[in-house]
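Novice: Below is one structure. I have some questions about it.
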Amino acid sequence: MAGTVPALPRAGERVAVVGCGTSWFIAQAYAALRETSGQGLTDAFPASEFPAGRHYDRVLALTRSGTTTEVLELLARLRGRVHTVAVTADPRTPVMRSADDVVVLDFADEQSVVQTRFATTQLILLRAHLGEDTAAAVVDGERALAEPLSRDLVTAEQFTFLGRGWTRGLAQEAALKMREAAGAWTEAYPAMEYRHGPISIAAPGRVVWMFGAPPAGLAEQVAATGATLVTTGLDPLADLVRVQRLAVAVARHRGLNPDQPRNLTRSVILPDGLP
């Protein structure tokens with residue numbers, strides 16, 4: 001689809017990407033990729049925290065459900081002021097009327113409250129639109145679906161996810177998946193910040209998961225704590241698929257339903273709008 005969706009940001013534009021929950025973390029990953037590829041200044045915000053006084057050429061809203069209150073209200077405020085584009089999974093929802101343009105990925109929709117397939121689908125589309133050759137990532141994704149998960153990971157007490165550059169957003173999303181699906185104790189940090197305090201909780205029976213190559217010296221320092229360091233040669237987006245599978249496995253090990261987490265709904269719809 002990458003060559004057939006002209007509504008997506010163009011090279012040179014000043015762009016903001018917004019979303020809530022998973023969509024915000026995918027927005028962070030895309031913003032870092034777009035800016036470092038030289039295609040223009042790109043910021044990522046939670047929809048509720050969009051800076052009203054800042055100018056952008058285009059605002060890209062990521063929303064699987066198409067019904068999230070914060071996203072819809074932001075699009076309404078921006079109408080006529082800046083060109084808005086939404087990426088959604090459901091063409092029967094209000095976002096179709098709220099954004100100037102809409103990219104529909106209905107083939108990637110899912111019934112689970114916890115977002116997995118739509119998140120990876122929209123990011124691979126956005127990466128391809130930036131001009132990346134995503135063929136290797138797709139192959140790695142197939143590997144990530146097939147390779148067995150270690151029992152030690154499934155029974156671990158705690159998980160910390162680390163990333164650098166665009167994978168910082170993936171680390172945040174990985175931690176969210178473990179919290180949502182499995183109710184697990186998880187944290188996420190930029191990899192170079194991990195040694196500035198967070199490493200103090202590393203211990204035997206706990207996991208440190210690095211998206212991409214770890215910074216120099218990190219593997220040795222984690223090993224000294226007795227914690228398990230997880231690194232792979234997979235594309236980081238495929239590595240996120242492994243975490244999604246792990247979240248399901250941990251949930252089942254704990255007797256939980258990974259598709260119906262406690263206290264969560266598929267979309268956050270505030271009855272009276274934003275305060």
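Following the order of the structure tokens, chains are lettered A, B, ..., residues in each are numbered from 1, and ligands are numbered from 1.
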Any chance you could list, as a PyMOL selection string, the residues in range 12-233 of chain A that come up alpha helix (DSSP H) when DSSP is run on the backbone?
Specialist: chain A and resi 22-36+69-78+95-98+117-129+135-146+151-154+167-182+218-225
Novice: Hey, what's within 9 Å of Gln260 in chain A if we count only C-alpha atoms and toss same-chain stuff fewer than 3 positions away? As a PyMOL selection string, please?
Specialist: chain A and resi 112-114+180-181+256-257+263-266
Novice: With distances taken over only C-alpha atoms, which residue among A:Arg81, A:Arg252, A:Arg245, A:Arg117 lies nearest Leu105 in chain A?
Specialist: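 Closest residue, counting only C-alpha atoms: A:Arg117.
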Novice: Can you measure CA of Pro271 in chain A to CA of Thr69 in chain A for me? One decimal in Å is fine.
Specialist: 8.6 Å
Novice: For Ala202 in chain A, please output as a PyMOL selection string all residues within 12 Å (counting only C-alpha atoms; exclusion window: fewer than 3 positions along the same chain).
Specialist: chain A and resi 156-161+186-187+194-195+197-199+205-209+221-229
Novice: Which residues are near range 118-122 of chain A? Cut-off 9 Å, only C-alpha atoms, ignore same chain within fewer than 3 positions. Put them as a compact mmCIF listing (two decimals) with C-alpha atoms, in the first residue's frame.
Specialist:
# COMPACT_ATOMS: atom_id res chain seq x y z
CA THR A 22 -0.35 1.77 21.81
CA SER A 23 -0.91 4.29 19.03
CA ILE A 26 3.86 3.58 17.50
CA LEU A 62 -3.33 6.80 14.69
CA ARG A 64 -7.40 1.52 15.67
CA VAL A 87 -5.02 5.70 10.13
CA THR A 88 -7.76 3.38 11.41
CA ALA A 89 -9.00 -0.20 11.27
CA LEU A 105 -6.39 -0.93 7.38
CA ASP A 106 -9.53 -2.98 7.98
CA PHE A 107 -7.73 -6.21 7.07
CA ALA A 108 -5.61 -5.71 10.22
CA ASP A 109 -8.50 -5.19 12.64
CA GLU A 110 -8.80 -7.49 15.64
CA GLN A 115 -3.84 -4.17 20.26
CA LEU A 125 3.17 0.57 6.33
CA LEU A 126 4.69 3.77 7.66
CA ARG A 127 8.20 2.36 7.40
CA LEU A 237 9.41 -4.79 14.91
CA ALA A 238 9.57 -8.58 14.62
CA LEU A 240 7.93 -6.82 19.28
CA VAL A 241 5.91 -9.73 17.90
